[in-house]
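I have placed the structure first, in the form of structure tokens, so that the comments after it can refer back to it.
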Amino acid sequence: ALKYIDEFRDGELARAILQRLKARCRDLGPLRFMEICGTHTVSIFRSGLRELLPSNVELISGPGCPVCVTANEDIDRAIWFASQPEVIVTTFGDLLRVPGSRSSLLQKRGNGADVRMVYATFDAVQIAKENPDKHVVFIGIGFETTAPTVAAAVQMAAREGLDNFSVFSAHKVMPPVMAALLESENLHLDGFLCPGHVTTVIGAKAYQDVVDNYGLSCVVTGFEALDILQGLTLLVEQRARGKALVEIQYRRGVTWEGNPAAQKLMNEIFEPADAVWRGLGKISGSGLAVRPQWARFDAAARFDVPSMDAKEDPACRCGDVLRGALRPPQCPLFRKICTPQNPKGPCMVSSEGTCGAYYRYHRDE
Ligand code: SF4
């Protein structure tokens, strides 16, 4: 087993694992795996792994970039909050540059709105403490890795007796979108590389339904190139044996049950809710809403948020990219009009976005 971080960049070991992977693939037909998580996508590109893989293995990127899957209507709501008098909007960096239907948080800030980037959720609580005359709305974007930290910030605000802090929860959870993808798309997948960080919280057991209901292999994988090679090898071996399982490659971070303390924290503040995903629409139970007993920290309950007439730029194909239905170079705007300096969609803005990863690391298209 790979135990020490140094080993994960070991060229010899990589070659040995790659040889094993190639040997396992030799007698199999075309194999298609989806890496769900944006961090995997970036790691795969940065390490040049795609070019090294056996020719019958195809990797497609999935919907695991939190900024990218945030629907335009939620971006528009974040911008609406920024337009309210006496409101300070706080959020993580990438979201600022994502174009909504008509504007972005960054443009709003340029026009005088108080929009602040924070590195940690507790910073948003601190801003609320320092600005008692203002109301601080934290725009909560992210998966099960982020939601517990936002829940902890709500608890902290409660402990501090703050009445001027709330969360606009656009959080998403991972397992329902995997099922939704398999229901709605003809992806011909042979398995999922499941995200290491999210699974640290929810536990590998969260993917058992995907295996049971769709017969698809799920291997929870770490983020170094060797982790990914090992994860792919496990997926291919399952395919060769004709048996789909949940397996954990990322044993140094993930258990079957996950992190009960983080789950408890998340479940105390949030409850499952339907959520709208860019490119996938509304998916039942795939979001997190602030529980009614915490409504005073729920921006959606504290403010009379109007329904949004959200529009997406029809030329941006992010929705298709997130469903694994289109590779970024197939988007007519890619590289020509849409670049990290002048992004037309979130998949180019985000540091975990597939378009951005292709732009930065993919050289032969
Ligand atoms: Fe959207 Fe740009 Fe990606 Fe095209 S290249 S799908 S315009 S983000």
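Ordered as shown in the structure tokens, chains take letters A, B, and onward, while each chain numbers its residues from 1 and ligands are numbered from 1 in the order shown.
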
- Task: Identify, on the basis of only C-alpha atoms, every residue whose closest approach to Ile141 of chain A does not exceed 7 Å; exclude the query and any residue fewer than 5 positions from it along the same chain; express the result as a ChimeraX atom specification.
- Result: /A:66-67,169-171

Would you output that residue set with C-alpha atoms, as a CSV table (one decimal), in the first residue's frame?
```csv
chain,number,residue,atom,x,y,z
A,66,PRO,CA,-18.8,23.2,-6.9
A,67,VAL,CA,-18.6,26.6,-8.6
A,169,SER,CA,-27.1,27.6,1.1
A,170,ALA,CA,-26.4,26.5,-2.4
A,171,HIS,CA,-24.5,23.4,-1.2
```

Could the residues of chain A that have an atom at most 12 Å from ligand 1 be listed as CSV, each with its closest atom pair and the distance in Å to one decimal, counting only C-alpha atoms and all ligand atoms and ordered by chain and ascending residue number?
```
residue,atom,partner,partner_atom_place_in_ligand_line,distance
A:Val67,CA,ligand 1,8 (S),11.7
A:Cys68,CA,ligand 1,8 (S),8.9
A:Val69,CA,ligand 1,8 (S),11.7
A:Arg97,CA,ligand 1,8 (S),11.9
A:Val98,CA,ligand 1,8 (S),9.7
A:Pro99,CA,ligand 1,8 (S),10.1
A:Arg278,CA,ligand 1,1 (Fe),11.4
A:Gly279,CA,ligand 1,6 (S),10.8
A:Glu312,CA,ligand 1,1 (Fe),10.2
A:Asp313,CA,ligand 1,7 (S),8.3
A:Pro314,CA,ligand 1,7 (S),9.0
A:Ala315,CA,ligand 1,7 (S),6.3
A:Cys316,CA,ligand 1,7 (S),3.7
A:Arg317,CA,ligand 1,6 (S),3.7
A:Cys318,CA,ligand 1,6 (S),3.9
A:Gly319,CA,ligand 1,6 (S),7.3
A:Asp320,CA,ligand 1,6 (S),7.5
A:Val321,CA,ligand 1,6 (S),6.3
A:Leu322,CA,ligand 1,6 (S),8.9
A:Arg323,CA,ligand 1,6 (S),11.4
A:Gly324,CA,ligand 1,6 (S),11.4
A:Ala325,CA,ligand 1,6 (S),11.1
A:Leu326,CA,ligand 1,6 (S),8.4
A:Arg327,CA,ligand 1,6 (S),8.4
A:Pro328,CA,ligand 1,5 (S),5.4
A:Pro329,CA,ligand 1,5 (S),7.0
A:Gln330,CA,ligand 1,4 (Fe),8.0
A:Cys331,CA,ligand 1,4 (Fe),4.7
A:Pro332,CA,ligand 1,4 (Fe),6.6
A:Leu333,CA,ligand 1,4 (Fe),5.0
A:Phe334,CA,ligand 1,5 (S),3.8
A:Arg335,CA,ligand 1,5 (S),6.8
A:Lys336,CA,ligand 1,5 (S),8.7
A:Ile337,CA,ligand 1,7 (S),7.7
A:Cys338,CA,ligand 1,2 (Fe),4.6
A:Thr339,CA,ligand 1,2 (Fe),6.8
A:Pro340,CA,ligand 1,2 (Fe),8.6
A:Gln341,CA,ligand 1,2 (Fe),10.9
A:Asn342,CA,ligand 1,2 (Fe),8.9
A:Pro343,CA,ligand 1,2 (Fe),6.0
A:Lys344,CA,ligand 1,7 (S),4.8
A:Gly345,CA,ligand 1,8 (S),3.7
A:Pro346,CA,ligand 1,8 (S),5.5
A:Cys347,CA,ligand 1,8 (S),4.4
A:Met348,CA,ligand 1,8 (S),4.3
A:Val349,CA,ligand 1,8 (S),7.1
A:Ser350,CA,ligand 1,8 (S),9.2
A:Ser351,CA,ligand 1,8 (S),11.9
A:Glu352,CA,ligand 1,8 (S),11.8
A:Gly353,CA,ligand 1,8 (S),8.2
A:Thr354,CA,ligand 1,3 (Fe),7.5
A:Cys355,CA,ligand 1,3 (Fe),4.7
A:Gly356,CA,ligand 1,3 (Fe),7.6
A:Ala357,CA,ligand 1,3 (Fe),10.1
A:Tyr358,CA,ligand 1,5 (S),9.0
A:Tyr359,CA,ligand 1,5 (S),8.4
A:Arg360,CA,ligand 1,5 (S),11.9
```

Q. If you measure from atom CA of Arg296 of chain A to atom CA of Lys282 of chain A, what distance in Å do you get, rounded to one decimal?
A.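 Answer for the atom CA of Arg296 of chain A to atom CA of Lys282 of chain A separation: 25.8 Å.
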
If DSSP is run on the backbone, what residues of segment 147-268 of chain A are strand (DSSP E or B)? A reply as a VMD selection string would be ideal.
chain A and resid 165 to 169 172 191 to 195 217 to 221 246 to 248

Resulting file, chosen residues, N, CA and C atoms, as an mmCIF file, in the first residue's frame:
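So part_15.cif came out as:
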```
data_model
loop_
_atom_site.group_PDB
_atom_site.id
_atom_site.type_symbol
_atom_site.label_atom_id
_atom_site.label_comp_id
_atom_site.auth_asym_id
_atom_site.auth_seq_id
_atom_site.Cartn_x
_atom_site.Cartn_y
_atom_site.Cartn_z
ATOM 1 N N PHE A 165 -25.745 37.562 10.766
ATOM 2 C CA PHE A 165 -25.002 36.616 9.921
ATOM 3 C C PHE A 165 -25.967 35.553 9.418
ATOM 4 N N SER A 166 -25.944 35.310 8.125
ATOM 5 C CA SER A 166 -26.759 34.205 7.600
ATOM 6 C C SER A 166 -26.060 33.574 6.402
ATOM 7 N N VAL A 167 -26.533 32.378 6.082
ATOM 8 C CA VAL A 167 -25.937 31.597 5.002
ATOM 9 C C VAL A 167 -26.970 31.426 3.893
ATOM 10 N N PHE A 168 -26.548 31.708 2.668
ATOM 11 C CA PHE A 168 -27.376 31.323 1.534
ATOM 12 C C PHE A 168 -26.838 29.971 1.061
ATOM 13 N N SER A 169 -27.597 28.933 1.345
ATOM 14 C CA SER A 169 -27.068 27.587 1.115
ATOM 15 C C SER A 169 -27.353 27.096 -0.303
ATOM 16 N N LYS A 172 -24.288 21.306 -2.320
ATOM 17 C CA LYS A 172 -24.762 20.129 -3.043
ATOM 18 C C LYS A 172 -24.149 18.878 -2.420
ATOM 19 N N GLY A 191 -17.424 2.756 -14.747
ATOM 20 C CA GLY A 191 -17.188 2.965 -13.316
ATOM 21 C C GLY A 191 -16.876 4.415 -13.002
ATOM 22 N N PHE A 192 -16.905 4.691 -11.710
ATOM 23 C CA PHE A 192 -16.607 6.046 -11.224
ATOM 24 C C PHE A 192 -15.313 6.033 -10.420
ATOM 25 N N LEU A 193 -14.469 7.030 -10.660
ATOM 26 C CA LEU A 193 -13.423 7.373 -9.700
ATOM 27 C C LEU A 193 -14.096 8.332 -8.722
ATOM 28 N N CYS A 194 -14.309 7.881 -7.504
ATOM 29 C CA CYS A 194 -15.063 8.697 -6.547
ATOM 30 C C CYS A 194 -14.113 9.606 -5.767
ATOM 31 N N PRO A 195 -14.639 10.759 -5.350
ATOM 32 C CA PRO A 195 -13.772 11.781 -4.763
ATOM 33 C C PRO A 195 -13.273 11.435 -3.362
ATOM 34 N N SER A 217 -19.054 0.107 -10.940
ATOM 35 C CA SER A 217 -17.959 0.118 -9.952
ATOM 36 C C SER A 217 -17.702 1.526 -9.445
ATOM 37 N N CYS A 218 -17.376 1.614 -8.148
ATOM 38 C CA CYS A 218 -17.039 2.895 -7.530
ATOM 39 C C CYS A 218 -15.743 2.708 -6.742
ATOM 40 N N VAL A 219 -14.700 3.418 -7.122
ATOM 41 C CA VAL A 219 -13.441 3.320 -6.387
ATOM 42 C C VAL A 219 -13.077 4.701 -5.844
ATOM 43 N N VAL A 220 -13.019 4.800 -4.539
ATOM 44 C CA VAL A 220 -12.692 6.072 -3.886
ATOM 45 C C VAL A 220 -11.180 6.260 -3.961
ATOM 46 N N THR A 221 -10.774 7.367 -4.551
ATOM 47 C CA THR A 221 -9.383 7.514 -4.959
ATOM 48 C C THR A 221 -8.785 8.822 -4.450
ATOM 49 N N VAL A 246 -17.901 -1.285 -4.273
ATOM 50 C CA VAL A 246 -17.296 -0.055 -3.758
ATOM 51 C C VAL A 246 -15.949 -0.465 -3.179
ATOM 52 N N GLU A 247 -14.889 0.162 -3.657
ATOM 53 C CA GLU A 247 -13.550 -0.116 -3.105
ATOM 54 C C GLU A 247 -12.900 1.196 -2.706
ATOM 55 N N ILE A 248 -12.008 1.121 -1.751
ATOM 56 C CA ILE A 248 -11.302 2.326 -1.298
ATOM 57 C C ILE A 248 -9.834 2.198 -1.679
#
```

Can you tell me, as number ranges by chain, which residues in segment 1-207 of chain A count as alpha helix (DSSP H) by DSSP? A: 11-25, 38-46, 49-52, 66-69, 72-83, 105-110, 121-130, 147-159, 174-184, 196-202

Of the residues A:Pro306, A:Gly48, A:Gly287, A:Gly100, which is the one nearest to Ala275 of chain A, using only C-alpha atoms?
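The closest residue to Ala275 of chain A is A:Gly287.
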
Margin query: To one decimal place in Å, what is the distance between atom CA of Lys134 of chain A and atom CA of Leu96 of chain A?
Written below: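 Atom-to-atom, atom CA of Lys134 of chain A to atom CA of Leu96 of chain A, that is 20.2 Å.
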
Note to self: Applying 8 Å and only C-alpha atoms, which residues near Glu257 of chain A remain after dropping the ones on its own chain fewer than 5 positions away? List them as a VMD selection string.
What the structure shows: chain A and resid 202 to 205

Please dump the current selection as an mmCIF file, in the first residue's frame; keep N, CA and C atoms.
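This is the output file result03.cif:
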```cif
data_model
loop_
_atom_site.group_PDB
_atom_site.id
_atom_site.type_symbol
_atom_site.label_atom_id
_atom_site.label_comp_id
_atom_site.auth_asym_id
_atom_site.auth_seq_id
_atom_site.Cartn_x
_atom_site.Cartn_y
_atom_site.Cartn_z
ATOM 1 N N ILE A 202 -18.376 11.539 4.037
ATOM 2 C CA ILE A 202 -19.615 10.741 3.935
ATOM 3 C C ILE A 202 -19.362 9.233 4.041
ATOM 4 N N GLY A 203 -18.104 8.810 3.855
ATOM 5 C CA GLY A 203 -17.793 7.381 3.934
ATOM 6 C C GLY A 203 -18.094 6.674 2.618
ATOM 7 N N ALA A 204 -17.330 5.614 2.346
ATOM 8 C CA ALA A 204 -17.472 4.897 1.078
ATOM 9 C C ALA A 204 -18.835 4.219 0.949
ATOM 10 N N LYS A 205 -19.472 3.982 2.069
ATOM 11 C CA LYS A 205 -20.795 3.325 2.029
ATOM 12 C C LYS A 205 -21.806 4.139 1.204
#
```
